Amino acid sequence: MIILHQGPAAWGVANISPYCVKLESYLRMVGVPYTARAADFRKAPKGKIPFIEEDGKMLGDSQHIIEHLKRKHGDPLDAKLSAEDVAKGHAVRRMLEESTYWHIIQVRWADEEGWRAYRPTFEAIFPPVVGKVVVPMIRRKTVQRLRAQGLGRHRPEEILEMGKADISTVAALLGDKPYLLGDEPSSFDATVYAFLVSILAFPVDSPFRRYTQEQQNLVRYVQRFQQRYFASWSPPA
Ligand SMILES: N[C@@H](CCC(=O)N[C@@H](CS)C(=O)NCC(=O)O)C(=O)O
């Protein structure tokens, strides 16, 4: 049984981290059994979440873990995809994980309204006194990372336009299809669902979330995926 080390659930979503939602989604899609556990970052092989423990070995990075699981258990979701579809899925996944991710960070960590909503959720990961001290330091570091990545250097209206362009891209590629690449889900849907639900479920009415909510096909997509793979899920007690 795989042990999935990850962050906490919040806002009715399996995890506060989109990468953790992605990996948990994939495990559910392929039916690989797992138990979830609160991550201890000191054990994280790449210093990030999620990571897994399997036969006493730790493995980090959601995508490396998925590739490992494909090698070990086969690849029922992607085996029949054309090279063009794999390329399309890869491009969307990279965009969401390397670009759209920073818009999620901007809304939660940098924007004041987002931070007011996110802070208590993030603080709850730590013992009470520790959280009050450590979390403001993590916020400073995260905002510095936003600048280092580049997004944090732009004006708010420029950031919004850049985020909207990512969302429009997913909406246009999805179109009326039930899943990103057609009638059946592929592993890429784990990422698409994870990042969209992370935007839509965060309880702040930001212009970025509003724009995403306006893309009806994306909203329906998230509901469809959730119904199929998370109907039996409930927040850990
Ligand atoms: N490429 C990694 C990214 C994981 C990632 O960035 N996780 C964030 C949480 S959303 C994290 O652990 N951040 C802590 C840090 O960067 O120090 C993956 O796919 O697993």
# chains A, B, ... in the order shown; residues from 1 in each chain; ligands from 1
call {"tool": "residues_around", "arguments": {"residues": "Leu181 of chain A", "least_positions_apart": "5", "cutoff": "9 Å", "atoms": "only C-alpha atoms", "output": "ChimeraX atom specification"}}
result
/A:81,85-86,88-89,173-174,186,188-189
call {"tool": "closest_atom_pairs", "arguments": {"of": "chain A", "to": "ligand 1", "cutoff": "8 Å", "atoms": "only C-alpha atoms and all ligand atoms", "output": "JSON lines"}}
result
{"residue": "A:Gly7", "atom": "CA", "partner": "ligand 1", "partner_atom_place_in_ligand_line": "9 (C)", "distance": 7.9}
{"residue": "A:Ile16", "atom": "CA", "partner": "ligand 1", "partner_atom_place_in_ligand_line": "10 (S)", "distance": 7.3}
{"residue": "A:Ser17", "atom": "CA", "partner": "ligand 1", "partner_atom_place_in_ligand_line": "10 (S)", "distance": 4.1}
{"residue": "A:Pro18", "atom": "CA", "partner": "ligand 1", "partner_atom_place_in_ligand_line": "10 (S)", "distance": 5.8}
{"residue": "A:Tyr19", "atom": "CA", "partner": "ligand 1", "partner_atom_place_in_ligand_line": "19 (O)", "distance": 5.3}
{"residue": "A:Cys20", "atom": "CA", "partner": "ligand 1", "partner_atom_place_in_ligand_line": "20 (O)", "distance": 7.2}
{"residue": "A:Phe41", "atom": "CA", "partner": "ligand 1", "partner_atom_place_in_ligand_line": "12 (O)", "distance": 8.0}
{"residue": "A:Gly47", "atom": "CA", "partner": "ligand 1", "partner_atom_place_in_ligand_line": "17 (O)", "distance": 6.2}
{"residue": "A:Lys48", "atom": "CA", "partner": "ligand 1", "partner_atom_place_in_ligand_line": "12 (O)", "distance": 3.3}
{"residue": "A:Ile49", "atom": "CA", "partner": "ligand 1", "partner_atom_place_in_ligand_line": "12 (O)", "distance": 4.0}
{"residue": "A:Pro50", "atom": "CA", "partner": "ligand 1", "partner_atom_place_in_ligand_line": "20 (O)", "distance": 5.4}
{"residue": "A:Phe51", "atom": "CA", "partner": "ligand 1", "partner_atom_place_in_ligand_line": "20 (O)", "distance": 7.2}
{"residue": "A:Gly60", "atom": "CA", "partner": "ligand 1", "partner_atom_place_in_ligand_line": "20 (O)", "distance": 6.5}
{"residue": "A:Asp61", "atom": "CA", "partner": "ligand 1", "partner_atom_place_in_ligand_line": "20 (O)", "distance": 3.4}
{"residue": "A:Ser62", "atom": "CA", "partner": "ligand 1", "partner_atom_place_in_ligand_line": "20 (O)", "distance": 3.8}
{"residue": "A:Gln63", "atom": "CA", "partner": "ligand 1", "partner_atom_place_in_ligand_line": "19 (O)", "distance": 5.4}
{"residue": "A:His64", "atom": "CA", "partner": "ligand 1", "partner_atom_place_in_ligand_line": "19 (O)", "distance": 7.7}
{"residue": "A:Glu97", "atom": "CA", "partner": "ligand 1", "partner_atom_place_in_ligand_line": "19 (O)", "distance": 7.4}
call {"tool": "write_last_selection", "arguments": {"atoms": "C-alpha atoms", "output": "tab-separated table (two decimals), in the first residue's frame"}}
result
chain	number	residue	atom	x	y	z
A	7	GLY	CA	-0.90	18.76	2.82
A	16	ILE	CA	-4.66	22.81	-0.50
A	17	SER	CA	-1.81	21.90	-2.88
A	18	PRO	CA	-2.79	21.45	-6.54
A	19	TYR	CA	0.09	18.98	-7.03
A	20	CYS	CA	-1.27	16.86	-4.17
A	41	PHE	CA	8.67	18.15	5.00
A	47	GLY	CA	11.70	19.20	-0.14
A	48	LYS	CA	8.20	19.50	-1.60
A	49	ILE	CA	4.81	17.86	-1.39
A	50	PRO	CA	3.44	15.47	-2.47
A	51	PHE	CA	5.75	12.50	-1.95
A	60	GLY	CA	9.06	12.84	-4.60
A	61	ASP	CA	7.48	14.96	-7.37
A	62	SER	CA	3.94	14.27	-8.55
A	63	GLN	CA	4.99	13.63	-12.15
A	64	HIS	CA	7.95	11.39	-11.27
A	97	GLU	CA	2.04	23.55	-13.40
call {"tool": "select_by_dssp", "arguments": {"residues": "segment 12-212 of chain A", "states": "helix (DSSP H, G or I)", "output": "VMD selection string"}}
result
chain A and resid 18 to 30 41 to 43 62 to 73 83 to 110 112 to 123 128 to 149 151 to 153 156 to 174 188 to 201 207 to 212
call {"tool": "write_last_selection", "arguments": {"atoms": "C-alpha atoms", "output": "compact mmCIF listing (two decimals), in the first residue's frame"}}
result
# COMPACT_ATOMS: atom_id res chain seq x y z
CA PRO A 18 -2.79 21.45 -6.54
CA TYR A 19 0.09 18.98 -7.03
CA CYS A 20 -1.27 16.86 -4.17
CA VAL A 21 -4.78 16.98 -5.68
CA LYS A 22 -3.23 15.92 -8.99
CA LEU A 23 -1.48 12.88 -7.53
CA GLU A 24 -4.44 11.80 -5.41
CA SER A 25 -6.66 12.17 -8.49
CA TYR A 26 -4.32 9.99 -10.53
CA LEU A 27 -4.28 7.30 -7.83
CA ARG A 28 -8.08 7.28 -7.84
CA MET A 29 -8.26 7.26 -11.63
CA VAL A 30 -6.11 4.14 -11.90
CA PHE A 41 8.67 18.15 5.00
CA ARG A 42 11.88 16.93 6.64
CA LYS A 43 11.23 13.54 5.03
CA SER A 62 3.94 14.27 -8.55
CA GLN A 63 4.99 13.63 -12.15
CA HIS A 64 7.95 11.39 -11.27
CA ILE A 65 5.62 9.41 -9.04
CA ILE A 66 3.04 9.05 -11.84
CA GLU A 67 5.76 7.89 -14.27
CA HIS A 68 6.93 5.37 -11.65
CA LEU A 69 3.36 4.09 -11.18
CA LYS A 70 2.93 3.76 -14.94
CA ARG A 71 6.08 1.65 -15.16
CA LYS A 72 5.01 -0.50 -12.24
CA HIS A 73 1.27 -0.95 -12.87
CA ALA A 83 1.56 11.24 -30.19
CA GLU A 84 -0.27 14.48 -30.99
CA ASP A 85 -2.62 14.07 -28.03
CA VAL A 86 0.28 13.28 -25.71
CA ALA A 87 1.98 16.47 -26.91
CA LYS A 88 -1.20 18.50 -26.34
CA GLY A 89 -1.65 17.04 -22.87
CA HIS A 90 1.99 17.68 -22.01
CA ALA A 91 1.77 21.34 -23.13
CA VAL A 92 -1.38 21.94 -21.06
CA ARG A 93 0.09 20.21 -18.03
CA ARG A 94 3.30 22.25 -18.20
CA MET A 95 1.33 25.47 -18.60
CA LEU A 96 -0.83 24.73 -15.58
CA GLU A 97 2.04 23.55 -13.40
CA GLU A 98 4.64 26.15 -14.35
CA SER A 99 2.53 29.20 -15.21
CA THR A 100 -1.02 28.98 -13.84
CA TYR A 101 0.39 27.73 -10.54
CA TRP A 102 1.93 31.16 -9.92
CA HIS A 103 -1.47 32.81 -10.39
CA ILE A 104 -2.80 30.56 -7.63
CA ILE A 105 0.16 31.65 -5.49
CA GLN A 106 -0.48 35.32 -6.34
CA VAL A 107 -4.15 35.11 -5.27
CA ARG A 108 -3.52 33.17 -2.06
CA TRP A 109 -0.24 34.61 -0.83
CA ALA A 110 0.30 38.07 -2.32
CA GLU A 112 -4.30 40.92 0.68
CA GLU A 113 -7.86 39.57 0.49
CA GLY A 114 -6.61 36.15 -0.60
CA TRP A 115 -4.04 36.10 2.18
CA ARG A 116 -6.65 36.95 4.83
CA ALA A 117 -8.59 33.86 3.69
CA TYR A 118 -5.58 31.59 3.18
CA ARG A 119 -3.57 32.46 6.29
CA PRO A 120 -5.75 30.62 8.85
CA THR A 121 -5.87 27.50 6.65
CA PHE A 122 -2.09 27.50 6.24
CA GLU A 123 -1.42 28.38 9.87
CA PRO A 128 -0.54 27.37 17.28
CA VAL A 129 2.42 29.42 18.53
CA VAL A 130 4.80 28.11 15.85
CA GLY A 131 2.31 29.00 13.08
CA LYS A 132 2.10 32.64 14.16
CA VAL A 133 5.91 32.98 13.92
CA VAL A 134 6.71 30.79 10.95
CA VAL A 135 3.88 31.61 8.56
CA PRO A 136 4.70 35.33 8.04
CA MET A 137 8.28 34.26 7.20
CA ILE A 138 7.00 31.70 4.70
CA ARG A 139 4.76 34.39 3.19
CA ARG A 140 7.75 36.75 2.71
CA LYS A 141 9.72 33.95 1.05
CA THR A 142 6.78 33.01 -1.19
CA VAL A 143 6.25 36.60 -2.35
CA GLN A 144 10.01 36.78 -3.11
CA ARG A 145 9.63 33.61 -5.18
CA LEU A 146 6.80 35.22 -7.13
CA ARG A 147 9.17 38.07 -8.02
CA ALA A 148 12.01 35.68 -8.84
CA GLN A 149 9.73 33.67 -11.11
CA LEU A 151 4.95 37.08 -12.37
CA GLY A 152 5.27 39.18 -9.22
CA ARG A 153 6.98 41.97 -11.19
CA PRO A 156 -2.19 43.53 -11.10
CA GLU A 157 -4.05 44.09 -14.38
CA GLU A 158 -1.18 42.53 -16.36
CA ILE A 159 -1.10 39.54 -14.02
CA LEU A 160 -4.83 39.06 -14.47
CA GLU A 161 -4.57 39.14 -18.28
CA MET A 162 -1.77 36.57 -18.19
CA GLY A 163 -3.81 34.28 -15.94
CA LYS A 164 -6.90 34.69 -18.09
CA ALA A 165 -4.88 33.65 -21.16
CA ASP A 166 -4.00 30.34 -19.45
CA ILE A 167 -7.62 29.70 -18.49
CA SER A 168 -8.89 30.57 -21.99
CA THR A 169 -6.38 28.12 -23.43
CA VAL A 170 -7.70 25.24 -21.32
CA ALA A 171 -11.31 26.26 -22.05
CA ALA A 172 -10.69 26.39 -25.81
CA LEU A 173 -8.81 23.07 -25.90
CA LEU A 174 -11.46 21.33 -23.81
CA PHE A 188 -3.47 14.81 -18.02
CA ASP A 189 -6.94 15.29 -16.60
CA ALA A 190 -5.50 14.75 -13.12
CA THR A 191 -3.57 18.00 -13.57
CA VAL A 192 -6.39 19.87 -15.32
CA TYR A 193 -8.87 19.00 -12.59
CA ALA A 194 -6.39 19.73 -9.80
CA PHE A 195 -5.50 23.22 -10.97
CA LEU A 196 -9.03 24.24 -11.95
CA VAL A 197 -10.56 23.06 -8.69
CA SER A 198 -7.78 24.83 -6.77
CA ILE A 199 -8.83 28.09 -8.43
CA LEU A 200 -12.60 27.56 -8.26
CA ALA A 201 -12.83 26.29 -4.66
CA PRO A 207 -11.17 38.51 -10.71
CA PHE A 208 -9.10 35.43 -11.64
CA ARG A 209 -11.60 33.06 -10.05
CA ARG A 210 -14.53 35.00 -11.52
CA TYR A 211 -13.07 34.63 -15.01
CA THR A 212 -12.60 30.90 -14.48
call {"tool": "decode", "arguments": {"residues": "segment 47-115 of chain A", "atoms": "C-alpha atoms", "output": "PDB file, in the first residue's frame"}}
result
ATOM      1  CA  GLY A  47      11.696  19.199  -0.136  1.00  0.00           C
ATOM      2  CA  LYS A  48       8.200  19.498  -1.598  1.00  0.00           C
ATOM      3  CA  ILE A  49       4.808  17.860  -1.387  1.00  0.00           C
ATOM      4  CA  PRO A  50       3.443  15.474  -2.468  1.00  0.00           C
ATOM      5  CA  PHE A  51       5.748  12.500  -1.952  1.00  0.00           C
ATOM      6  CA  ILE A  52       5.045   8.814  -1.501  1.00  0.00           C
ATOM      7  CA  GLU A  53       6.431   6.018   0.603  1.00  0.00           C
ATOM      8  CA  GLU A  54       6.455   2.605  -0.983  1.00  0.00           C
ATOM      9  CA  ASP A  55       8.200  -0.457   0.479  1.00  0.00           C
ATOM     10  CA  GLY A  56      10.093   1.863   2.816  1.00  0.00           C
ATOM     11  CA  LYS A  57      11.350   4.076  -0.030  1.00  0.00           C
ATOM     12  CA  MET A  58      10.444   7.749  -0.456  1.00  0.00           C
ATOM     13  CA  LEU A  59       9.760   9.180  -3.890  1.00  0.00           C
ATOM     14  CA  GLY A  60       9.058  12.844  -4.602  1.00  0.00           C
ATOM     15  CA  ASP A  61       7.480  14.963  -7.371  1.00  0.00           C
ATOM     16  CA  SER A  62       3.937  14.273  -8.553  1.00  0.00           C
ATOM     17  CA  GLN A  63       4.993  13.626 -12.152  1.00  0.00           C
ATOM     18  CA  HIS A  64       7.955  11.391 -11.273  1.00  0.00           C
ATOM     19  CA  ILE A  65       5.615   9.411  -9.045  1.00  0.00           C
ATOM     20  CA  ILE A  66       3.041   9.050 -11.842  1.00  0.00           C
ATOM     21  CA  GLU A  67       5.761   7.885 -14.274  1.00  0.00           C
ATOM     22  CA  HIS A  68       6.930   5.366 -11.648  1.00  0.00           C
ATOM     23  CA  LEU A  69       3.364   4.087 -11.176  1.00  0.00           C
ATOM     24  CA  LYS A  70       2.926   3.762 -14.943  1.00  0.00           C
ATOM     25  CA  ARG A  71       6.085   1.645 -15.162  1.00  0.00           C
ATOM     26  CA  LYS A  72       5.014  -0.503 -12.241  1.00  0.00           C
ATOM     27  CA  HIS A  73       1.270  -0.948 -12.874  1.00  0.00           C
ATOM     28  CA  GLY A  74       0.910  -0.219 -16.595  1.00  0.00           C
ATOM     29  CA  ASP A  75      -0.652   2.800 -18.245  1.00  0.00           C
ATOM     30  CA  PRO A  76      -4.390   2.184 -18.682  1.00  0.00           C
ATOM     31  CA  LEU A  77      -5.247   5.876 -19.139  1.00  0.00           C
ATOM     32  CA  ASP A  78      -2.725   7.007 -21.747  1.00  0.00           C
ATOM     33  CA  ALA A  79      -1.736   3.823 -23.597  1.00  0.00           C
ATOM     34  CA  LYS A  80      -3.991   4.507 -26.583  1.00  0.00           C
ATOM     35  CA  LEU A  81      -3.306   8.237 -26.981  1.00  0.00           C
ATOM     36  CA  SER A  82      -1.809   9.469 -30.264  1.00  0.00           C
ATOM     37  CA  ALA A  83       1.559  11.243 -30.191  1.00  0.00           C
ATOM     38  CA  GLU A  84      -0.275  14.484 -30.985  1.00  0.00           C
ATOM     39  CA  ASP A  85      -2.624  14.073 -28.026  1.00  0.00           C
ATOM     40  CA  VAL A  86       0.278  13.280 -25.709  1.00  0.00           C
ATOM     41  CA  ALA A  87       1.982  16.473 -26.906  1.00  0.00           C
ATOM     42  CA  LYS A  88      -1.203  18.496 -26.344  1.00  0.00           C
ATOM     43  CA  GLY A  89      -1.647  17.043 -22.866  1.00  0.00           C
ATOM     44  CA  HIS A  90       1.987  17.684 -22.013  1.00  0.00           C
ATOM     45  CA  ALA A  91       1.769  21.339 -23.130  1.00  0.00           C
ATOM     46  CA  VAL A  92      -1.384  21.940 -21.065  1.00  0.00           C
ATOM     47  CA  ARG A  93       0.093  20.207 -18.030  1.00  0.00           C
ATOM     48  CA  ARG A  94       3.300  22.250 -18.201  1.00  0.00           C
ATOM     49  CA  MET A  95       1.327  25.467 -18.604  1.00  0.00           C
ATOM     50  CA  LEU A  96      -0.835  24.728 -15.578  1.00  0.00           C
ATOM     51  CA  GLU A  97       2.042  23.550 -13.397  1.00  0.00           C
ATOM     52  CA  GLU A  98       4.640  26.147 -14.354  1.00  0.00           C
ATOM     53  CA  SER A  99       2.534  29.201 -15.211  1.00  0.00           C
ATOM     54  CA  THR A 100      -1.020  28.980 -13.844  1.00  0.00           C
ATOM     55  CA  TYR A 101       0.385  27.732 -10.535  1.00  0.00           C
ATOM     56  CA  TRP A 102       1.928  31.156  -9.920  1.00  0.00           C
ATOM     57  CA  HIS A 103      -1.467  32.809 -10.385  1.00  0.00           C
ATOM     58  CA  ILE A 104      -2.805  30.560  -7.630  1.00  0.00           C
ATOM     59  CA  ILE A 105       0.156  31.650  -5.492  1.00  0.00           C
ATOM     60  CA  GLN A 106      -0.485  35.315  -6.336  1.00  0.00           C
ATOM     61  CA  VAL A 107      -4.148  35.110  -5.270  1.00  0.00           C
ATOM     62  CA  ARG A 108      -3.520  33.165  -2.056  1.00  0.00           C
ATOM     63  CA  TRP A 109      -0.239  34.614  -0.830  1.00  0.00           C
ATOM     64  CA  ALA A 110       0.299  38.067  -2.324  1.00  0.00           C
ATOM     65  CA  ASP A 111      -3.180  39.613  -2.726  1.00  0.00           C
ATOM     66  CA  GLU A 112      -4.298  40.923   0.676  1.00  0.00           C
ATOM     67  CA  GLU A 113      -7.858  39.567   0.487  1.00  0.00           C
ATOM     68  CA  GLY A 114      -6.612  36.149  -0.599  1.00  0.00           C
ATOM     69  CA  TRP A 115      -4.035  36.100   2.182  1.00  0.00           C
TER      70      TRP A 115
END
